[in-house]
$ cat work-v3.pdb   # PDB, C-alpha atoms and all ligand atoms
ATOM      1  CA  MET W1212     -26.014  11.726   1.521  1.00  0.00           C
ATOM      2  CA  LEU W1213     -22.950  11.963  -0.686  1.00  0.00           C
ATOM      3  CA  ALA W1214     -20.504  10.963   2.069  1.00  0.00           C
ATOM      4  CA  GLY W1215     -22.625   7.901   2.867  1.00  0.00           C
ATOM      5  CA  ALA W1216     -22.604   6.825  -0.761  1.00  0.00           C
ATOM      6  CA  LEU W1217     -18.854   7.333  -0.937  1.00  0.00           C
ATOM      7  CA  TYR W1218     -18.206   5.155   2.071  1.00  0.00           C
ATOM      8  CA  THR W1219     -20.086   2.142   0.757  1.00  0.00           C
ATOM      9  CA  ARG W1220     -18.525   2.079  -2.703  1.00  0.00           C
ATOM     10  CA  ARG W1221     -16.232  -0.868  -3.444  1.00  0.00           C
ATOM     11  CA  VAL W1222     -12.812   0.261  -4.551  1.00  0.00           C
ATOM     12  CA  LEU W1223     -11.123  -3.145  -4.693  1.00  0.00           C
ATOM     13  CA  THR W1224     -12.643  -6.518  -5.507  1.00  0.00           C
ATOM     14  CA  ILE W1225     -10.591  -9.681  -5.397  1.00  0.00           C
ATOM     15  CA  ASP W1226     -12.723 -12.470  -6.795  1.00  0.00           C
ATOM     16  CA  GLN W1227     -11.632 -16.109  -6.397  1.00  0.00           C
ATOM     17  CA  VAL W1228      -8.127 -15.244  -7.317  1.00  0.00           C
ATOM     18  CA  LYS W1229      -5.409 -17.835  -7.849  1.00  0.00           C
ATOM     19  CA  ILE W1230      -1.825 -16.585  -7.931  1.00  0.00           C
ATOM     20  CA  GLY W1231       1.504 -18.290  -8.315  1.00  0.00           C
ATOM     21  CA  TYR W1232       4.986 -18.185  -9.714  1.00  0.00           C
ATOM     22  CA  GLY W1233       5.423 -20.503 -12.694  1.00  0.00           C
ATOM     23  CA  ASP W1234       3.844 -23.840 -11.770  1.00  0.00           C
ATOM     24  CA  ARG W1235       3.867 -23.086  -8.054  1.00  0.00           C
ATOM     25  CA  VAL W1236       0.490 -21.907  -6.750  1.00  0.00           C
ATOM     26  CA  VAL W1237       0.833 -19.615  -3.711  1.00  0.00           C
ATOM     27  CA  ILE W1238      -2.758 -18.372  -3.381  1.00  0.00           C
ATOM     28  CA  GLU W1239      -5.285 -21.060  -4.277  1.00  0.00           C
ATOM     29  CA  GLU W1240      -8.475 -19.025  -4.084  1.00  0.00           C
ATOM     30  CA  LEU W1241      -8.930 -15.691  -2.384  1.00  0.00           C
ATOM     31  CA  SER W1242     -11.904 -13.356  -2.420  1.00  0.00           C
ATOM     32  CA  LEU W1243     -12.222 -10.060  -0.607  1.00  0.00           C
ATOM     33  CA  ASP W1244     -13.601  -6.561  -1.113  1.00  0.00           C
ATOM     34  CA  VAL W1245     -12.305  -3.274   0.189  1.00  0.00           C
ATOM     35  CA  ALA W1246     -14.760  -0.384   0.232  1.00  0.00           C
ATOM     36  CA  ALA W1247     -14.029   3.329   0.290  1.00  0.00           C
ATOM     37  CA  GLY W1248     -13.138   4.329   3.839  1.00  0.00           C
ATOM     38  CA  GLU W1249     -12.122   0.775   4.733  1.00  0.00           C
ATOM     39  CA  GLY W1250      -8.735  -0.687   5.623  1.00  0.00           C
ATOM     40  CA  VAL W1251      -7.973  -4.400   5.343  1.00  0.00           C
ATOM     41  CA  ALA W1252      -4.797  -5.982   6.675  1.00  0.00           C
ATOM     42  CA  LEU W1253      -3.526  -9.358   5.503  1.00  0.00           C
ATOM     43  CA  ARG W1254      -1.815 -11.325   8.214  1.00  0.00           C
ATOM     44  CA  GLY W1255      -0.225 -14.743   8.273  1.00  0.00           C
ATOM     45  CA  PRO W1256       3.084 -16.572   8.550  1.00  0.00           C
ATOM     46  CA  ASN W1257       6.137 -15.723   6.460  1.00  0.00           C
ATOM     47  CA  GLY W1258       5.830 -17.032   2.940  1.00  0.00           C
ATOM     48  CA  ILE W1259       2.040 -17.493   3.013  1.00  0.00           C
ATOM     49  CA  GLY W1260       1.530 -15.036   0.140  1.00  0.00           C
ATOM     50  CA  LYS W1261       0.680 -11.597   1.589  1.00  0.00           C
ATOM     51  CA  SER W1262       3.128  -9.709  -0.649  1.00  0.00           C
ATOM     52  CA  THR W1263       2.068 -11.868  -3.583  1.00  0.00           C
ATOM     53  CA  VAL W1264      -1.548 -10.679  -3.192  1.00  0.00           C
ATOM     54  CA  LEU W1265      -0.405  -7.047  -3.016  1.00  0.00           C
ATOM     55  CA  ARG W1266       1.760  -7.455  -6.125  1.00  0.00           C
ATOM     56  CA  CYS W1267      -1.205  -8.872  -7.983  1.00  0.00           C
ATOM     57  CA  VAL W1268      -3.460  -5.948  -6.963  1.00  0.00           C
ATOM     58  CA  ALA W1269      -0.725  -3.507  -8.008  1.00  0.00           C
ATOM     59  CA  GLY W1270      -0.633  -5.119 -11.448  1.00  0.00           C
ATOM     60  CA  LEU W1271       2.886  -6.471 -11.070  1.00  0.00           C
ATOM     61  CA  LEU W1272       1.801 -10.099 -11.171  1.00  0.00           C
ATOM     62  CA  GLU W1273      -0.909 -11.589 -13.380  1.00  0.00           C
ATOM     63  CA  PRO W1274      -3.363 -13.887 -11.547  1.00  0.00           C
ATOM     64  CA  ALA W1275      -3.561 -17.450 -12.874  1.00  0.00           C
ATOM     65  CA  GLY W1276      -7.304 -17.441 -12.241  1.00  0.00           C
ATOM     66  CA  GLY W1277     -10.146 -15.280 -10.945  1.00  0.00           C
ATOM     67  CA  ALA W1278     -10.257 -11.508 -11.234  1.00  0.00           C
ATOM     68  CA  VAL W1279      -8.962  -8.397  -9.503  1.00  0.00           C
ATOM     69  CA  ARG W1280     -10.901  -5.192 -10.153  1.00  0.00           C
ATOM     70  CA  VAL W1281     -10.238  -1.642  -9.051  1.00  0.00           C
ATOM     71  CA  ASP W1282     -13.267   0.619  -9.370  1.00  0.00           C
ATOM     72  CA  GLY W1283     -14.910  -2.213 -11.284  1.00  0.00           C
ATOM     73  CA  GLU W1284     -12.168  -2.289 -13.948  1.00  0.00           C
ATOM     74  CA  PRO W1285      -9.558  -5.036 -14.372  1.00  0.00           C
ATOM     75  CA  VAL W1286      -6.150  -4.152 -12.986  1.00  0.00           C
ATOM     76  CA  ASP W1287      -4.022  -2.617 -15.707  1.00  0.00           C
ATOM     77  CA  GLU W1288      -0.876  -0.712 -14.860  1.00  0.00           C
ATOM     78  CA  ARG W1289      -0.807   0.787 -18.351  1.00  0.00           C
ATOM     79  CA  ARG W1290      -4.100   2.618 -17.780  1.00  0.00           C
ATOM     80  CA  GLY W1291      -3.711   6.195 -16.533  1.00  0.00           C
ATOM     81  CA  SER W1292      -6.868   6.018 -14.411  1.00  0.00           C
ATOM     82  CA  PHE W1293      -5.505   2.921 -12.647  1.00  0.00           C
ATOM     83  CA  ARG W1294      -2.178   4.629 -11.907  1.00  0.00           C
ATOM     84  CA  ARG W1295      -3.980   7.715 -10.588  1.00  0.00           C
ATOM     85  CA  THR W1296      -6.129   5.559  -8.288  1.00  0.00           C
ATOM     86  CA  VAL W1297      -3.512   3.238  -6.799  1.00  0.00           C
ATOM     87  CA  ALA W1298      -0.527   4.231  -4.661  1.00  0.00           C
ATOM     88  CA  ALA W1299       1.688   1.344  -3.630  1.00  0.00           C
ATOM     89  CA  LEU W1300       4.691   0.900  -1.389  1.00  0.00           C
ATOM     90  CA  LEU W1301       5.607  -2.743  -1.804  1.00  0.00           C
ATOM     91  CA  ASP W1302       9.355  -3.008  -2.292  1.00  0.00           C
ATOM     92  CA  PRO W1303      11.792  -0.233  -1.419  1.00  0.00           C
ATOM     93  CA  PRO W1304      11.369   2.490  -4.060  1.00  0.00           C
ATOM     94  CA  ALA W1305      13.994   3.234  -6.682  1.00  0.00           C
ATOM     95  CA  TRP W1306      15.869   6.288  -5.463  1.00  0.00           C
ATOM     96  CA  TYR W1307      17.179   9.011  -7.743  1.00  0.00           C
ATOM     97  CA  PRO W1308      20.925   9.307  -7.317  1.00  0.00           C
ATOM     98  CA  GLY W1309      21.983  12.832  -6.444  1.00  0.00           C
ATOM     99  CA  LEU W1310      18.574  13.935  -5.168  1.00  0.00           C
ATOM    100  CA  SER W1311      17.942  14.701  -1.509  1.00  0.00           C
ATOM    101  CA  ALA W1312      15.021  13.399   0.539  1.00  0.00           C
ATOM    102  CA  GLN W1313      13.238  16.725   0.101  1.00  0.00           C
ATOM    103  CA  GLU W1314      13.859  16.693  -3.651  1.00  0.00           C
ATOM    104  CA  HIS W1315      12.281  13.224  -3.860  1.00  0.00           C
ATOM    105  CA  LEU W1316       9.176  14.624  -2.186  1.00  0.00           C
ATOM    106  CA  SER W1317       9.167  17.701  -4.425  1.00  0.00           C
ATOM    107  CA  LEU W1318       9.281  15.436  -7.484  1.00  0.00           C
ATOM    108  CA  VAL W1319       6.248  13.493  -6.297  1.00  0.00           C
ATOM    109  CA  ARG W1320       4.379  16.742  -5.682  1.00  0.00           C
ATOM    110  CA  LEU W1321       5.351  18.117  -9.085  1.00  0.00           C
ATOM    111  CA  ALA W1322       4.348  14.947 -10.915  1.00  0.00           C
ATOM    112  CA  ASN W1323       0.913  15.082  -9.307  1.00  0.00           C
ATOM    113  CA  ALA W1324       0.266  18.816  -9.542  1.00  0.00           C
ATOM    114  CA  PRO W1325      -2.145  20.359  -8.940  1.00  0.00           C
ATOM    115  CA  VAL W1326      -2.776  18.569  -5.650  1.00  0.00           C
ATOM    116  CA  GLY W1327      -6.240  19.439  -4.322  1.00  0.00           C
ATOM    117  CA  ALA W1328      -6.776  21.281  -1.064  1.00  0.00           C
ATOM    118  CA  ASP W1329      -8.472  18.160   0.327  1.00  0.00           C
ATOM    119  CA  TRP W1330      -5.161  16.251   0.275  1.00  0.00           C
ATOM    120  CA  PHE W1331      -2.227  16.429   2.706  1.00  0.00           C
ATOM    121  CA  ALA W1332      -0.767  19.927   2.521  1.00  0.00           C
ATOM    122  CA  GLU W1333       2.663  20.349   0.934  1.00  0.00           C
ATOM    123  CA  GLY W1334       5.310  19.611   3.572  1.00  0.00           C
ATOM    124  CA  GLU W1335       2.818  18.129   6.047  1.00  0.00           C
ATOM    125  CA  LEU W1336       3.872  14.518   5.579  1.00  0.00           C
ATOM    126  CA  ALA W1337       7.566  15.409   5.725  1.00  0.00           C
ATOM    127  CA  GLU W1338       6.898  17.159   9.011  1.00  0.00           C
ATOM    128  CA  ARG W1339       4.760  14.427  10.545  1.00  0.00           C
ATOM    129  CA  LEU W1340       7.004  11.570   9.430  1.00  0.00           C
ATOM    130  CA  GLY W1341      10.116  13.392  10.579  1.00  0.00           C
ATOM    131  CA  VAL W1342      11.627  13.722   7.088  1.00  0.00           C
ATOM    132  CA  THR W1343      12.344  17.408   7.741  1.00  0.00           C
ATOM    133  CA  GLY W1344      15.114  16.294  10.117  1.00  0.00           C
ATOM    134  CA  PHE W1345      17.102  14.797   7.210  1.00  0.00           C
ATOM    135  CA  ALA W1346      15.579  16.682   4.259  1.00  0.00           C
ATOM    136  CA  ASP W1347      18.928  17.618   2.692  1.00  0.00           C
ATOM    137  CA  ALA W1348      20.477  14.134   2.878  1.00  0.00           C
ATOM    138  CA  GLY W1349      20.428  11.678  -0.009  1.00  0.00           C
ATOM    139  CA  PRO W1350      18.602   8.364   0.567  1.00  0.00           C
ATOM    140  CA  GLY W1351      21.947   6.523   0.405  1.00  0.00           C
ATOM    141  CA  SER W1352      23.137   8.178   3.589  1.00  0.00           C
ATOM    142  CA  LEU W1353      19.926   7.584   5.568  1.00  0.00           C
ATOM    143  CA  SER W1354      19.197   4.863   8.091  1.00  0.00           C
ATOM    144  CA  SER W1355      16.714   2.122   7.139  1.00  0.00           C
ATOM    145  CA  GLY W1356      14.029   3.712   9.299  1.00  0.00           C
ATOM    146  CA  GLN W1357      14.643   7.157   7.800  1.00  0.00           C
ATOM    147  CA  ARG W1358      14.395   5.698   4.290  1.00  0.00           C
ATOM    148  CA  GLN W1359      11.120   4.000   5.233  1.00  0.00           C
ATOM    149  CA  ARG W1360       9.768   7.328   6.560  1.00  0.00           C
ATOM    150  CA  LEU W1361      10.700   9.018   3.289  1.00  0.00           C
ATOM    151  CA  ALA W1362       9.129   6.218   1.222  1.00  0.00           C
ATOM    152  CA  LEU W1363       5.903   6.484   3.241  1.00  0.00           C
ATOM    153  CA  ALA W1364       5.807  10.265   2.850  1.00  0.00           C
ATOM    154  CA  MET W1365       6.260   9.805  -0.926  1.00  0.00           C
ATOM    155  CA  VAL W1366       3.494   7.238  -1.328  1.00  0.00           C
ATOM    156  CA  LEU W1367       1.030   9.230   0.796  1.00  0.00           C
ATOM    157  CA  ASP W1368       1.859  12.557  -0.838  1.00  0.00           C
ATOM    158  CA  ARG W1369       0.493  11.216  -4.107  1.00  0.00           C
ATOM    159  CA  PRO W1370      -3.302  11.685  -4.231  1.00  0.00           C
ATOM    160  CA  SER W1371      -4.871   8.234  -4.582  1.00  0.00           C
ATOM    161  CA  ARG W1372      -7.897   6.224  -3.525  1.00  0.00           C
ATOM    162  CA  LEU W1373      -6.389   2.770  -3.046  1.00  0.00           C
ATOM    163  CA  LEU W1374      -3.321   2.475  -0.873  1.00  0.00           C
ATOM    164  CA  LEU W1375      -1.251  -0.726  -0.949  1.00  0.00           C
ATOM    165  CA  LEU W1376       1.375  -1.065   1.766  1.00  0.00           C
ATOM    166  CA  ASP W1377       3.606  -4.054   2.386  1.00  0.00           C
ATOM    167  CA  GLU W1378       4.764  -4.066   6.010  1.00  0.00           C
ATOM    168  CA  PRO W1379       4.687  -0.275   6.424  1.00  0.00           C
ATOM    169  CA  GLU W1380       6.028  -0.786   9.953  1.00  0.00           C
ATOM    170  CA  ARG W1381       9.380  -1.996   8.537  1.00  0.00           C
ATOM    171  CA  HIS W1382      12.303  -0.404  10.430  1.00  0.00           C
ATOM    172  CA  LEU W1383      10.050   2.056  12.270  1.00  0.00           C
ATOM    173  CA  ASP W1384      10.219   2.827  15.961  1.00  0.00           C
ATOM    174  CA  ARG W1385       7.095   2.973  18.101  1.00  0.00           C
ATOM    175  CA  GLU W1386       6.430   6.649  17.421  1.00  0.00           C
ATOM    176  CA  GLY W1387       6.843   6.049  13.684  1.00  0.00           C
ATOM    177  CA  ARG W1388       4.361   3.164  13.751  1.00  0.00           C
ATOM    178  CA  GLU W1389       1.842   5.287  15.641  1.00  0.00           C
ATOM    179  CA  THR W1390       2.221   8.088  13.082  1.00  0.00           C
ATOM    180  CA  VAL W1391       1.672   5.629  10.232  1.00  0.00           C
ATOM    181  CA  ALA W1392      -1.486   4.293  11.910  1.00  0.00           C
ATOM    182  CA  MET W1393      -2.784   7.841  12.261  1.00  0.00           C
ATOM    183  CA  LEU W1394      -1.991   8.705   8.633  1.00  0.00           C
ATOM    184  CA  ILE W1395      -3.697   5.538   7.367  1.00  0.00           C
ATOM    185  CA  GLY W1396      -6.734   6.489   9.473  1.00  0.00           C
ATOM    186  CA  GLU W1397      -6.793   9.947   7.858  1.00  0.00           C
ATOM    187  CA  TYR W1398      -6.396   8.401   4.409  1.00  0.00           C
ATOM    188  CA  LEU W1399      -9.456   6.213   5.090  1.00  0.00           C
ATOM    189  CA  GLY W1400     -11.297   9.221   6.525  1.00  0.00           C
ATOM    190  CA  ARG W1401     -10.857  10.967   3.181  1.00  0.00           C
ATOM    191  CA  GLY W1402     -12.682   8.087   1.511  1.00  0.00           C
ATOM    192  CA  GLY W1403      -9.603   6.090   0.485  1.00  0.00           C
ATOM    193  CA  ALA W1404      -9.359   2.310   0.749  1.00  0.00           C
ATOM    194  CA  ALA W1405      -6.274   0.494   1.994  1.00  0.00           C
ATOM    195  CA  LEU W1406      -4.917  -3.037   1.686  1.00  0.00           C
ATOM    196  CA  LEU W1407      -1.941  -3.803   3.882  1.00  0.00           C
ATOM    197  CA  ALA W1408       0.279  -6.734   4.675  1.00  0.00           C
ATOM    198  CA  SER W1409       1.294  -6.235   8.263  1.00  0.00           C
ATOM    199  CA  HIS W1410       1.947  -8.017  11.532  1.00  0.00           C
ATOM    200  CA  ASP W1411       1.916  -4.840  13.567  1.00  0.00           C
ATOM    201  CA  PRO W1412      -1.129  -4.316  15.814  1.00  0.00           C
ATOM    202  CA  THR W1413      -0.458  -0.581  16.110  1.00  0.00           C
ATOM    203  CA  VAL W1414      -0.407  -0.019  12.351  1.00  0.00           C
ATOM    204  CA  THR W1415      -3.438  -2.259  11.709  1.00  0.00           C
ATOM    205  CA  ALA W1416      -5.548  -0.975  14.627  1.00  0.00           C
ATOM    206  CA  GLY W1417      -8.147   0.619  12.322  1.00  0.00           C
ATOM    207  CA  CYS W1418      -8.207  -2.266   9.825  1.00  0.00           C
ATOM    208  CA  GLU W1419     -10.210  -5.418   9.379  1.00  0.00           C
ATOM    209  CA  ILE W1420      -7.796  -8.343   9.704  1.00  0.00           C
ATOM    210  CA  ILE W1421      -7.795 -11.192   7.219  1.00  0.00           C
ATOM    211  CA  GLU W1422      -5.699 -14.112   8.310  1.00  0.00           C
ATOM    212  CA  LEU W1423      -4.112 -16.105   5.490  1.00  0.00           C
ATOM    213  CA  SER W1424      -3.305 -19.683   6.388  1.00  0.00           C
ATOM    214  CA  THR W1425      -2.465 -22.853   4.510  1.00  0.00           C
ATOM    215  CA  ASP W1426      -5.929 -24.312   5.113  1.00  0.00           C
ATOM    216  CA  TRP W1427      -8.027 -21.292   4.111  1.00  0.00           C
ATOM    217  CA  ALA W1428      -8.484 -22.729   0.635  1.00  0.00           C
ATOM    218  CA  ASP W1429     -10.314 -25.765   2.099  1.00  0.00           C
ATOM    219  CA  GLU W1430     -12.866 -23.694   4.036  1.00  0.00           C
TER     220      GLU W1430
HETATM  221  N1  LIG H1501       9.567 -13.883  -7.448  1.00  0.00           N
HETATM  222  C1  LIG H1501       9.226 -15.069  -6.922  1.00  0.00           C
HETATM  223  N2  LIG H1501       9.430 -16.208  -7.607  1.00  0.00           N
HETATM  224  C2  LIG H1501       9.085 -17.415  -7.099  1.00  0.00           C
HETATM  225  N3  LIG H1501       8.524 -17.592  -5.888  1.00  0.00           N
HETATM  226  C3  LIG H1501       8.308 -16.491  -5.148  1.00  0.00           C
HETATM  227  C4  LIG H1501       8.637 -15.177  -5.622  1.00  0.00           C
HETATM  228  N4  LIG H1501       8.289 -14.284  -4.673  1.00  0.00           N
HETATM  229  C5  LIG H1501       7.773 -14.994  -3.654  1.00  0.00           C
HETATM  230  N5  LIG H1501       7.789 -16.308  -3.944  1.00  0.00           N
HETATM  231  C6  LIG H1501       7.281 -17.408  -3.075  1.00  0.00           C
HETATM  232  O1  LIG H1501       5.906 -17.182  -2.861  1.00  0.00           O
HETATM  233  C7  LIG H1501       5.551 -17.485  -1.529  1.00  0.00           C
HETATM  234  C8  LIG H1501       4.830 -16.295  -0.933  1.00  0.00           C
HETATM  235  O2  LIG H1501       5.755 -15.218  -0.823  1.00  0.00           O
HETATM  236  P1  LIG H1501       5.305 -13.806  -0.268  1.00  0.00           P
HETATM  237  O3  LIG H1501       6.476 -12.914  -0.365  1.00  0.00           O
HETATM  238  O4  LIG H1501       4.054 -13.411  -0.936  1.00  0.00           O
HETATM  239  O5  LIG H1501       4.995 -14.167   1.254  1.00  0.00           O
HETATM  240  P2  LIG H1501       4.622 -13.225   2.484  1.00  0.00           P
HETATM  241  O6  LIG H1501       3.416 -13.795   3.136  1.00  0.00           O
HETATM  242  O7  LIG H1501       4.538 -11.814   2.036  1.00  0.00           O
HETATM  243  O8  LIG H1501       5.897 -13.447   3.402  1.00  0.00           O
HETATM  244  P3  LIG H1501       6.627 -12.486   4.473  1.00  0.00           P
HETATM  245  O9  LIG H1501       5.757 -12.423   5.702  1.00  0.00           O
HETATM  246  O10 LIG H1501       7.913 -13.235   4.724  1.00  0.00           O
HETATM  247  O11 LIG H1501       6.858 -11.150   3.831  1.00  0.00           O
HETATM  248  C9  LIG H1501       6.830 -17.850  -0.795  1.00  0.00           C
HETATM  249  O12 LIG H1501       6.887 -19.225  -0.626  1.00  0.00           O
HETATM  250  C10 LIG H1501       7.935 -17.372  -1.709  1.00  0.00           C
HETATM  251  O13 LIG H1501       9.020 -18.231  -1.670  1.00  0.00           O
END

$ encode --input "work-v3.pdb" --output "structure tokens"
Amino acid sequence: MLAGALYTRRVLTIDQVKIGYGDRVVIEELSLDVAAGEGVALRGPNGIGKSTVLRCVAGLLEPAGGAVRVDGEPVDERRGSFRRTVAALLDPPAWYPGLSAQEHLSLVRLANAPVGADWFAEGELAERLGVTGFADAGPGSLSSGQRQRLALAMVLDRPSRLLLLDEPERHLDREGRETVAMLIGEYLGRGGAALLASHDPTVTAGCEIIELSTDWADE
């Protein structure tokens, strides 16, 4: 069955990856796979390297060893197919001065047109994440939680198959975290794969948890 085949396909492979900054090694050796329909959450103490792994998968940081592959191809931000596959919310996005929250969302929609009928409908994410309540305001005049809601709506509005989220629960209230968990579940239900760094049990409820610790490299 097509759906069955879809759900067993590996989207992300991290193979014995070593990552660091200059001479300082942060991740000694990490291997994991994320299949279509699967969510994986990295957990571990502050500074252990969760964001570092996400940056490497997003192509923002070159591994010092091992390999990261998306759809079997090495990570390469310059490749159009890679950019169309991966949607990442790692650091706060760069906001366009003078554009409202709604205009940010419209830009994302426009840049990815035509968006297929199998994706979130236009305006759906704004509604569900509560962006409609501050649609006409510029990001500069929003609260941290409102900005996070807008950033999440923007990253999910872009059709993709690998979602990278660094602490998506940041600044969100309980209802916001529950909405994010539901949206991630729907993303996975559409055959997407997700890699998260998160400490929040609500957000990671549907994910396999991988605990990073200082002694994992010795296992
Ligand atoms: N740009 C950088 N240059 C040098 N070292 C860095 C840089 N970014 C992070 N580090 C170091 O790499 C290590 C891992 O950082 P990282 O941000 O990946 O941790 P984390 O697990 O995501 O932490 P947190 O839970 O606090 O977000 C830390 O010791 C940090 O000091």

$ residues_near_ligand --input "work-v3.pdb" --ligand "ligand LIG 1501 (chain H)" --cutoff "6 Å" --atoms "only C-alpha atoms and all ligand atoms" --output "list in words"
Tyr1232, Val1237, Pro1256, Asn1257, Gly1258, Ile1259, Gly1260, Lys1261, Ser1262 and Thr1263 of chain W

$ closest_residue --input "work-v3.pdb" --among "W:Leu1363, W:Leu1271, W:Val1326, W:Ala1252" --to "W:Thr1390" --atoms "all atoms listed in the file"
W:Leu1363

$ closest_residue --input "work-v3.pdb" --among "W:His1410, W:His1315, W:Arg1266, W:His1382" --to "W:Ala1364" --atoms "all atoms listed in the file"
W:His1315

$ atom_distance --input "work-v3.pdb" --atom1 "atom CA of W:Leu1243" --atom2 "atom CA of W:Val1222"
11.1 Å

$ resolve_selection --input "work-v3.pdb" --expression "the PyMOL selection byres (((chain W and resi 1349) around 7) and not hetatm)" --output "number ranges by chain"
W: 1309-1312, 1347-1348, 1350-1353

$ atom_distance --input "work-v3.pdb" --atom1 "atom CA of W:Ala1278" --atom2 "atom CA of W:Arg1369"
26.1 Å

$ resolve_selection --input "work-v3.pdb" --expression "the PyMOL selection byres (((chain W and resi 1388) around 12) and not hetatm)" --output "number ranges by chain"
W: 1339-1340, 1356, 1359-1360, 1363, 1378-1387, 1389-1395, 1409-1416

$ residues_around --input "work-v3.pdb" --residues "stretch 1279-1282 of chain W" --least-positions-apart "4" --cutoff "12 Å" --atoms "all atoms listed in the file" --output "PyMOL selection string"
chain W and resi 1220-1230+1240-1247+1264-1270+1272-1275+1286-1288+1290+1292-1297+1372-1374+1403-1405

$ atom_distance --input "work-v3.pdb" --atom1 "atom CA of W:Glu1239" --atom2 "atom CA of W:Gly1255"
14.9 Å

$ resolve_selection --input "work-v3.pdb" --expression "the PyMOL selection byres (((chain W and resi 1421) around 9) and not hetatm)" --output "list in words"
Val1251, Ala1252, Leu1253, Arg1254, Gly1255, Glu1419, Ile1420, Glu1422 and Leu1423 of chain W

$ closest_residue --input "work-v3.pdb" --among "W:Pro1304, W:Pro1370, W:Gly1276, W:Gly1248" --to "W:Trp1330" --atoms "all atoms listed in the file"
W:Pro1370

$ closest_residue --input "work-v3.pdb" --among "W:Val1319, W:Leu1399, W:Gln1313, W:Ser1354" --to "W:Val1342" --atoms "only C-alpha atoms"
W:Gln1313

$ closest_residue --input "work-v3.pdb" --among "W:Ile1238, W:Cys1418, W:Ala1408, W:Leu1336" --to "W:Met1365" --atoms "all atoms listed in the file"
W:Leu1336

$ closest_residue --input "work-v3.pdb" --among "W:Gly1231, W:Arg1289, W:Glu1249, W:Phe1331" --to "W:Gly1402" --atoms "all atoms listed in the file"
W:Glu1249

$ decode --input "work-v3.pdb" --residues "stretch 1406-1423 of chain W" --atoms "C-alpha atoms" --output "PDB file, in the first residue's frame"
ATOM      1  CA  LEU W1406      13.215  16.447  14.761  1.00  0.00           C
ATOM      2  CA  LEU W1407      12.739  18.610  17.821  1.00  0.00           C
ATOM      3  CA  ALA W1408      14.783  19.847  20.726  1.00  0.00           C
ATOM      4  CA  SER W1409      12.335  20.152  23.569  1.00  0.00           C
ATOM      5  CA  HIS W1410      11.891  19.642  27.287  1.00  0.00           C
ATOM      6  CA  ASP W1411       8.131  19.927  27.137  1.00  0.00           C
ATOM      7  CA  PRO W1412       6.180  16.681  27.648  1.00  0.00           C
ATOM      8  CA  THR W1413       3.043  18.138  26.060  1.00  0.00           C
ATOM      9  CA  VAL W1414       4.807  19.132  22.843  1.00  0.00           C
ATOM     10  CA  THR W1415       6.785  15.869  22.609  1.00  0.00           C
ATOM     11  CA  ALA W1416       3.891  13.543  23.523  1.00  0.00           C
ATOM     12  CA  GLY W1417       3.789  11.958  20.048  1.00  0.00           C
ATOM     13  CA  CYS W1418       7.579  11.756  19.651  1.00  0.00           C
ATOM     14  CA  GLU W1419      10.246   9.208  20.387  1.00  0.00           C
ATOM     15  CA  ILE W1420      12.573  10.731  22.986  1.00  0.00           C
ATOM     16  CA  ILE W1421      16.331  10.593  22.598  1.00  0.00           C
ATOM     17  CA  GLU W1422      18.182  11.650  25.692  1.00  0.00           C
ATOM     18  CA  LEU W1423      21.555  13.290  25.075  1.00  0.00           C
TER      19      LEU W1423
END
